[in-house]
Amino acid sequence: MNQDQILACLAETLKKDPEELQKLDPDASLSTVGMTSLSFISFIVKVESEYNIEVLDSDLIFENFETVNKLFQTLSKYFPSETPIKKVLVLDADNVLWKGISGEEPLLLDDNVLMFQNTLLELYNRGVLLCLCSKNRPELIEQAFALPEMQLKKEHFAVFLANRTDKATNLRAIEEELNLSSDSYVFVDDSDYELGYVQLNIPKVECIKMEYPTPNSFFERLSSLFASVQATTDLNRTQLYREQKEREKEKKAFTSIQAYNASLKTVPICRKACTKDCARLAELSVRTHQFNLSAVGYTEEMLKKLLEDPDHVVFSLSVSDKYGDMGIVGMAVLYRKTIEAFMLSCRVFDRDLELVLLDEIKACAGEVLYGVYRENDKNRQFANFYSNNGVFTV
Amino acid sequence: MKNQEIIANIRTLVQNGTVTADISALLLRHGCFGLLSKLPDSPYKQQIALSRGLNGIAVRERYKACAPLFAQSEIPYAVIKGAVLSQRLYKDPFLRSSGDIDILIHRRDTDRLKELLLANGFVQGRVTKHGIEPFSRREIVFQATMSHQTAPYVKKTGNKLCPYINLDVNTDILWGESGVHTDMDAVLSCAIPGQVLDTSIQVLRPEMEFLALCLHHYKDLNSLFLLSQGRYRLGLFCELYEYLCMVRPDAQRLQELCRALGVGQYLYVCVFQVREIFADEKLDEYLSVLSPFRNEEILETFGLADSERHVWEIPLFERLFHPDLPAYVQSKLSPAEREKVAINRELM
């Protein structure tokens with residue numbers, strides 16, 4: 001959400017100079033700048049019409065819009081996030097997952113530790129990928145995980161690294177394994193040195209210091225970093241990444257994508273989307289940055305409106321193979337002859353599935369197609385996708 | 001007929017079923033259906049029977065159309081007023097005339113309910129001579145924001161005697177513009193199974209139902225907009241009186257609910273005025289438990305918010321039977337209040 005544009009909209013409604021609103025205390029009542037119940041209604045109608053959104057009835061309470069901060073907070077959910085979404089939480093082990101150093105002293109799992117572990121389990125259940133990155137010996141870490149009080153188990157971790165390698169190198173290894181960009185990661189450690197080293201080498205990783213006893217602000221910060229991760233899919237993300245590892249292993253044995261796909265017994269299903277797909281499609285759209293040709297994200301409400309529009313068609317691509325069901329991994333939005341959005345999850349790169357999606361669009365709209373491509377740092381590698389496949393890039 | 005004479009007749013009618021003057025036209029005009037049915041020789045018997053018959057058709061259509069809502073179990077709700085209240089007060093779901101079916105839900109559930117209603121053929125709109133006219137977005141936003149209800153829903157029935165039914169979705173038992181909201185989880189925790197015709201529904205426990213009814217009627221008796229619409233009627237007081245006399249909600253429990261929801265002062269005003277009108281000692285128990293909430297500042301005033309409160313300059317009986325109370329109220333309003341009333345009239 002572009003807050004300046006929203007403020008400009010508000011300024012226009014209130015017939016004020018936008019700069020005046022910029023200077024306003026964000027927690028001050030908007031009634032001080034002339035907001036009345038009627039101007040509030042005009043503002044809502046104006047924002048809805050300019051940004052093609054519809055504010056839900058449940059949000060239509062005057063108090064939700066009575067200050068600039070509340071207004072931004074309420075409206076933010078109607079606009080796809082522009083800040084990087086955190087997806088992975090990398091955790092040190094000693095003095096983080098328990099108090100003490102495994103192998104050197106008795107470990108303490110008190111209420112504070114268990115509260116932290118339960119927070120991690122909640123994040124895991126919401127779809128956050130947990131990874132372990134410790135410099136302690138693997139057998140000592142495993143001994144700690146075998147303690148009966150431990151709420152967290154080894155299987156909750158998508159990647160489990162315990163070695164003497166520096167933590168920045170280990171984080172890069174995790175990045176490579178999960179195929180997710182650096183700004184998706186949050187790193188928690190008790191050592192200022194380790195945090196500083198990772199921050200210096202991988203500046204995009206969010207680093208947080210762990211200290212016991214853990215203040216409430218720590219939990220709040222951790223949860224807020226992953227606030228946009230919603231468990232909208234029934235599929236367990238850690239399990240999905242684990243299956244993905246098996247696929248990667250198998251891929252190395254093949255020289256062609258066709259042979260590889262055949263070995264995986266890949267079954268792609270490409271179809272027009274329906275209302276029940278919208279939550280997952282919205283999630284996919286805001287989480288996909290690399291193969292997202294128009295660099296666009298959608299909210300669930302936006303997609304539902306597109307489904308109702310006879311000029312738009314929304315396509316969803318689901319895939320399953322012998323390792324499991326990956327659910328919806330790709331989507332496209334077609335406006336008459338123009339592909340407004342085309343995206344594919346990084347989990348299914350190099351399997352020619354984008355061609356399955358494009359074929360379905362062509363079957364629906366014909367061979368002459370236009371595709372919207374908005375170049376950015378993340379999607380540049382797919383700049384020629386449309387031109388290589390007979391679609392005019394616009 | 002003088003006001004005192006009308007009141008005296010009303011009191012003897014409720015106490016022993018007798019009257020010394022013909023007050024039937026007045027009772028009809030004020031929507032006092034319970035009292036009318038007590039009149040030994042009402043000239044409006046046929047009219048009431050016809051109204052009851054048509055109301056019955058409407059009630060059946062409403063409950064048929066809302067069946068998907070009642071059948072689902074995910075959205076906590078309670079049906080209020082209308083046929084539920086009619087059945088509770090008169091053991092007859094069709095006697096109390098109403099124009100719609102009222103559902104009470106938590107505001108957080110309005111979106112799910114909307115989806116359900118739209119999928120079942122309801123439209124947020126009004127009935128005009130051309131059929132259903134959907135509300136503009138401005139009207140929908142206004143009503144959801146400024147009142148305790150979302151914009152009403154309408155559905156076509158196919159029944160010529162009742163071609164459309166209206167559904168009101170209430171998200172609060174307080175008035176929307178107050179900025180103060182009731183704890184709706186607490187309100188809906190008082191929902192219990194009930195039945196109208198053959199339809200199983202959720203209704204409120206008597207104490208909560210009476211509390212919600214009082215707040216609803218208090219709004220009618222105090223809102224500048226509704227007073228300007230002529231909502232100040234004896235029928236409102238009659239319903240509260242009949243509820244206390246016939247349903248006998250538990251007084252202590254009522255007091256507890258008032259304290260928990262912070263609405264005792266409004267209930268005191270309602271019960272106090274009902275006691276004034278009917279002079280029935282049976283109400284003293286209720287007045288006694290509500291007396292800790294007595295607030296002199298709102299006892300003889302109108303207006304829902306502190307900023308718009310006006311003192312009644314005419315006593316209770318005179319305003320009850322005033323020949324043109326809306327004009328009187330209008331004359332007391334400031335220009336800004338008159339403008340607010342006009343906007344409400346345009347968008348509600």
# chains A, B, ... in the order shown; residues from 1 in each chain; ligands from 1
>>> interface_residues(of="chain A", to="chain B", cutoff="8 Å", atoms="only C-alpha atoms", output="list in words")
Ser37, Leu38, Ile41, Ser42, Ile44, Val45, Leu56, Asp57, Ser58, Leu60, Ile61, Phe62 and Glu63 of chain A
>>> write_last_selection(atoms="N, CA, C and O atoms", output="PDB file, in the first residue's frame")
ATOM      1  N   SER A  37     -18.372  12.199   9.845  1.00  0.00           N
ATOM      2  CA  SER A  37     -18.895  10.907   9.400  1.00  0.00           C
ATOM      3  C   SER A  37     -19.139  10.921   7.884  1.00  0.00           C
ATOM      4  O   SER A  37     -18.880   9.939   7.194  1.00  0.00           O
ATOM      5  N   LEU A  38     -19.564  12.057   7.381  1.00  0.00           N
ATOM      6  CA  LEU A  38     -19.854  12.108   5.939  1.00  0.00           C
ATOM      7  C   LEU A  38     -18.581  12.115   5.096  1.00  0.00           C
ATOM      8  O   LEU A  38     -18.500  11.437   4.076  1.00  0.00           O
ATOM      9  N   ILE A  41     -17.214   8.663   4.913  1.00  0.00           N
ATOM     10  CA  ILE A  41     -17.879   7.806   3.923  1.00  0.00           C
ATOM     11  C   ILE A  41     -17.387   8.145   2.510  1.00  0.00           C
ATOM     12  O   ILE A  41     -17.082   7.263   1.709  1.00  0.00           O
ATOM     13  N   SER A  42     -17.243   9.429   2.235  1.00  0.00           N
ATOM     14  CA  SER A  42     -16.748   9.843   0.918  1.00  0.00           C
ATOM     15  C   SER A  42     -15.335   9.299   0.697  1.00  0.00           C
ATOM     16  O   SER A  42     -14.988   8.854  -0.408  1.00  0.00           O
ATOM     17  N   ILE A  44     -13.957   6.578   2.031  1.00  0.00           N
ATOM     18  CA  ILE A  44     -14.000   5.127   1.778  1.00  0.00           C
ATOM     19  C   ILE A  44     -14.413   4.854   0.330  1.00  0.00           C
ATOM     20  O   ILE A  44     -13.775   4.068  -0.388  1.00  0.00           O
ATOM     21  N   VAL A  45     -15.465   5.544  -0.107  1.00  0.00           N
ATOM     22  CA  VAL A  45     -15.961   5.306  -1.469  1.00  0.00           C
ATOM     23  C   VAL A  45     -14.885   5.692  -2.489  1.00  0.00           C
ATOM     24  O   VAL A  45     -14.679   5.007  -3.490  1.00  0.00           O
ATOM     25  N   LEU A  56     -14.435  -4.482   3.629  1.00  0.00           N
ATOM     26  CA  LEU A  56     -15.414  -5.430   4.164  1.00  0.00           C
ATOM     27  C   LEU A  56     -16.333  -4.756   5.180  1.00  0.00           C
ATOM     28  O   LEU A  56     -15.905  -3.842   5.901  1.00  0.00           O
ATOM     29  N   ASP A  57     -17.570  -5.224   5.244  1.00  0.00           N
ATOM     30  CA  ASP A  57     -18.528  -4.679   6.216  1.00  0.00           C
ATOM     31  C   ASP A  57     -17.944  -4.729   7.637  1.00  0.00           C
ATOM     32  O   ASP A  57     -18.155  -3.821   8.429  1.00  0.00           O
ATOM     33  N   SER A  58     -17.224  -5.804   7.931  1.00  0.00           N
ATOM     34  CA  SER A  58     -16.707  -5.960   9.296  1.00  0.00           C
ATOM     35  C   SER A  58     -15.673  -4.886   9.637  1.00  0.00           C
ATOM     36  O   SER A  58     -15.394  -4.643  10.801  1.00  0.00           O
ATOM     37  N   LEU A  60     -15.993  -1.739   8.490  1.00  0.00           N
ATOM     38  CA  LEU A  60     -16.616  -0.418   8.352  1.00  0.00           C
ATOM     39  C   LEU A  60     -17.090   0.119   9.701  1.00  0.00           C
ATOM     40  O   LEU A  60     -18.278   0.232   9.972  1.00  0.00           O
ATOM     41  N   ILE A  61     -16.128   0.402  10.537  1.00  0.00           N
ATOM     42  CA  ILE A  61     -16.422   1.034  11.823  1.00  0.00           C
ATOM     43  C   ILE A  61     -15.606   2.320  11.849  1.00  0.00           C
ATOM     44  O   ILE A  61     -14.419   2.317  11.514  1.00  0.00           O
ATOM     45  N   PHE A  62     -16.246   3.399  12.233  1.00  0.00           N
ATOM     46  CA  PHE A  62     -15.596   4.706  12.227  1.00  0.00           C
ATOM     47  C   PHE A  62     -14.273   4.662  13.012  1.00  0.00           C
ATOM     48  O   PHE A  62     -13.271   5.236  12.591  1.00  0.00           O
ATOM     49  N   GLU A  63     -14.267   3.951  14.135  1.00  0.00           N
ATOM     50  CA  GLU A  63     -13.071   3.900  14.973  1.00  0.00           C
ATOM     51  C   GLU A  63     -11.873   3.293  14.227  1.00  0.00           C
ATOM     52  O   GLU A  63     -10.731   3.592  14.552  1.00  0.00           O
TER      53      GLU A  63
END
>>> residues_around(residues="Glu50 in chain A", least_positions_apart="5", cutoff="12 Å", atoms="only C-alpha atoms", output="VMD selection string")
chain A and resid 5 to 6 8 to 10 43 to 45
>>> write_last_selection(atoms="N, CA and C atoms", output="compact mmCIF listing (two decimals), in the first residue's frame")
# COMPACT_ATOMS: atom_id res chain seq x y z
N GLN A 5 -0.14 7.90 -1.37
CA GLN A 5 -1.32 7.99 -2.25
C GLN A 5 -2.62 7.96 -1.43
N ILE A 6 -2.61 7.15 -0.38
CA ILE A 6 -3.80 7.09 0.48
C ILE A 6 -4.00 8.45 1.16
N ALA A 8 -3.00 11.28 0.03
CA ALA A 8 -3.43 12.24 -1.01
C ALA A 8 -4.94 12.11 -1.22
N CYS A 9 -5.41 10.88 -1.19
CA CYS A 9 -6.85 10.61 -1.35
C CYS A 9 -7.63 11.25 -0.19
N LEU A 10 -7.07 11.09 1.00
CA LEU A 10 -7.72 11.66 2.18
C LEU A 10 -7.71 13.19 2.10
N PHE A 43 -14.52 9.33 1.76
CA PHE A 43 -13.15 8.84 1.64
C PHE A 43 -13.14 7.34 1.31
N ILE A 44 -13.96 6.58 2.03
CA ILE A 44 -14.00 5.13 1.78
C ILE A 44 -14.41 4.85 0.33
N VAL A 45 -15.47 5.54 -0.11
CA VAL A 45 -15.96 5.31 -1.47
C VAL A 45 -14.89 5.69 -2.49
>>> residues_around(residues="Pro203 in chain A", least_positions_apart="4", cutoff="12 Å", atoms="only C-alpha atoms", output="list in words")
Ala168, Leu171, Arg172, Ser181, Ser182, Asp183, Ser184, Tyr185, Val186, Phe187, Leu195, Gly196, Tyr197, Val198, Gln199 and Cys207 of chain A
>>> write_last_selection(atoms="all heavy atoms", output="short mmCIF file (atom, residue, chain, number, x, y, z; two decimals), in the first residue's frame")
data_model
loop_
_atom_site.label_atom_id
_atom_site.label_comp_id
_atom_site.auth_asym_id
_atom_site.auth_seq_id
_atom_site.Cartn_x
_atom_site.Cartn_y
_atom_site.Cartn_z
N ALA A 168 27.40 -17.47 8.46
CA ALA A 168 27.00 -16.83 7.20
C ALA A 168 27.06 -17.85 6.06
O ALA A 168 26.15 -17.94 5.22
CB ALA A 168 27.90 -15.64 6.90
N LEU A 171 24.18 -20.14 6.43
CA LEU A 171 22.92 -19.52 5.98
C LEU A 171 22.81 -19.51 4.46
O LEU A 171 21.74 -19.71 3.89
CB LEU A 171 22.82 -18.09 6.52
CG LEU A 171 21.95 -17.99 7.76
CD1 LEU A 171 22.33 -16.82 8.63
CD2 LEU A 171 20.48 -17.84 7.35
N ARG A 172 23.95 -19.27 3.81
CA ARG A 172 23.93 -19.31 2.34
C ARG A 172 23.59 -20.72 1.85
O ARG A 172 22.88 -20.89 0.86
CB ARG A 172 25.28 -18.88 1.78
CG ARG A 172 25.57 -17.39 2.00
CD ARG A 172 26.28 -16.78 0.79
NE ARG A 172 26.58 -15.38 1.00
CZ ARG A 172 25.70 -14.40 0.84
NH1 ARG A 172 24.48 -14.67 0.45
NH2 ARG A 172 26.05 -13.15 1.04
N SER A 181 15.07 -16.24 -1.41
CA SER A 181 16.02 -15.12 -1.36
C SER A 181 16.30 -14.68 0.08
O SER A 181 15.51 -14.92 0.99
CB SER A 181 15.48 -13.95 -2.18
OG SER A 181 14.23 -13.57 -1.66
N SER A 182 17.45 -13.97 0.24
CA SER A 182 17.96 -13.62 1.58
C SER A 182 16.94 -12.85 2.41
O SER A 182 16.89 -13.00 3.63
CB SER A 182 19.21 -12.76 1.46
OG SER A 182 20.15 -13.40 0.68
N ASP A 183 16.16 -11.99 1.75
CA ASP A 183 15.24 -11.16 2.54
C ASP A 183 14.06 -11.95 3.09
O ASP A 183 13.19 -11.40 3.76
CB ASP A 183 14.76 -9.93 1.74
CG ASP A 183 14.16 -10.31 0.42
OD1 ASP A 183 13.85 -11.50 0.22
OD2 ASP A 183 14.00 -9.42 -0.44
N SER A 184 14.01 -13.26 2.83
CA SER A 184 12.95 -14.11 3.41
C SER A 184 13.35 -14.65 4.78
O SER A 184 12.57 -15.34 5.43
CB SER A 184 12.68 -15.33 2.52
OG SER A 184 12.46 -14.95 1.21
N TYR A 185 14.60 -14.37 5.22
CA TYR A 185 15.14 -15.05 6.40
C TYR A 185 15.19 -14.18 7.65
O TYR A 185 15.48 -12.99 7.58
CB TYR A 185 16.56 -15.54 6.11
CG TYR A 185 16.60 -16.70 5.14
CD1 TYR A 185 16.42 -16.49 3.77
CD2 TYR A 185 16.78 -18.01 5.59
CE1 TYR A 185 16.43 -17.55 2.87
CE2 TYR A 185 16.79 -19.07 4.70
CZ TYR A 185 16.61 -18.83 3.35
OH TYR A 185 16.61 -19.88 2.46
N VAL A 186 14.92 -14.82 8.77
CA VAL A 186 15.15 -14.21 10.07
C VAL A 186 16.12 -15.13 10.82
O VAL A 186 15.94 -16.35 10.81
CB VAL A 186 13.83 -14.08 10.87
CG1 VAL A 186 14.10 -13.51 12.25
CG2 VAL A 186 12.82 -13.21 10.13
N PHE A 187 17.15 -14.53 11.41
CA PHE A 187 18.17 -15.33 12.10
C PHE A 187 18.19 -14.95 13.57
O PHE A 187 18.29 -13.77 13.92
CB PHE A 187 19.54 -15.05 11.44
CG PHE A 187 20.71 -15.68 12.14
CD1 PHE A 187 20.74 -17.05 12.39
CD2 PHE A 187 21.79 -14.91 12.55
CE1 PHE A 187 21.82 -17.63 13.04
CE2 PHE A 187 22.88 -15.49 13.20
CZ PHE A 187 22.89 -16.85 13.44
N LEU A 195 25.61 -12.74 15.21
CA LEU A 195 24.60 -11.88 14.58
C LEU A 195 25.29 -10.83 13.70
O LEU A 195 24.86 -10.59 12.56
CB LEU A 195 23.75 -11.19 15.66
CG LEU A 195 22.82 -12.11 16.44
CD1 LEU A 195 22.30 -11.41 17.70
CD2 LEU A 195 21.64 -12.55 15.59
N GLY A 196 26.36 -10.24 14.23
CA GLY A 196 27.08 -9.22 13.47
C GLY A 196 27.71 -9.79 12.21
O GLY A 196 27.70 -9.16 11.15
N TYR A 197 28.25 -11.01 12.34
CA TYR A 197 28.91 -11.64 11.19
C TYR A 197 27.91 -11.92 10.06
O TYR A 197 28.18 -11.66 8.89
CB TYR A 197 29.60 -12.93 11.63
CG TYR A 197 30.51 -13.52 10.59
CD1 TYR A 197 31.77 -12.96 10.36
CD2 TYR A 197 30.10 -14.60 9.81
CE1 TYR A 197 32.61 -13.48 9.38
CE2 TYR A 197 30.93 -15.12 8.83
CZ TYR A 197 32.19 -14.55 8.62
OH TYR A 197 32.99 -15.06 7.63
N VAL A 198 26.75 -12.44 10.45
CA VAL A 198 25.72 -12.73 9.44
C VAL A 198 25.22 -11.42 8.82
O VAL A 198 25.09 -11.30 7.61
CB VAL A 198 24.55 -13.53 10.08
CG1 VAL A 198 23.34 -13.58 9.14
CG2 VAL A 198 25.00 -14.95 10.41
N GLN A 199 25.00 -10.42 9.67
CA GLN A 199 24.50 -9.13 9.17
C GLN A 199 25.48 -8.51 8.18
O GLN A 199 25.06 -7.94 7.16
CB GLN A 199 24.27 -8.19 10.36
CG GLN A 199 23.43 -6.97 10.03
CD GLN A 199 21.96 -7.33 9.83
OE1 GLN A 199 21.22 -7.34 10.76
NE2 GLN A 199 21.55 -7.61 8.62
N CYS A 207 18.27 -9.97 11.62
CA CYS A 207 18.94 -10.64 12.75
C CYS A 207 18.34 -10.19 14.08
O CYS A 207 18.14 -9.00 14.30
CB CYS A 207 20.43 -10.31 12.72
SG CYS A 207 21.26 -11.02 11.30
#
>>> closest_residue(among="B:Arg88, B:Arg259, B:Lys160, B:Arg29", to="Val289 in chain B", atoms="only C-alpha atoms")
B:Arg259
>>> residues_around(residues="Arg242 in chain A", least_positions_apart="6", cutoff="12 Å", atoms="only C-alpha atoms", output="count of residues only")
16
>>> residues_around(residues="range 12-26 of chain B", least_positions_apart="2", cutoff="10 Å", atoms="only C-alpha atoms", output="JSON, numbers by chain")
{"B": [1, 5, 6, 7, 8, 9, 10, 28, 29, 30, 31, 32, 34, 35, 36, 37, 38, 39, 40, 41, 42, 43, 44, 45, 234, 238, 241, 242, 278, 280, 321]}
>>> select_by_dssp(residues="range 1-162 of chain A", states="strand (DSSP E or B)", output="ChimeraX atom specification")
/A:29,67,88-91,94,98-99,108,129-134,157-162
>>> atom_distance(atom1="CA of Gly56 in chain B", atom2="CA of Phe94 in chain B")
5.0 Å
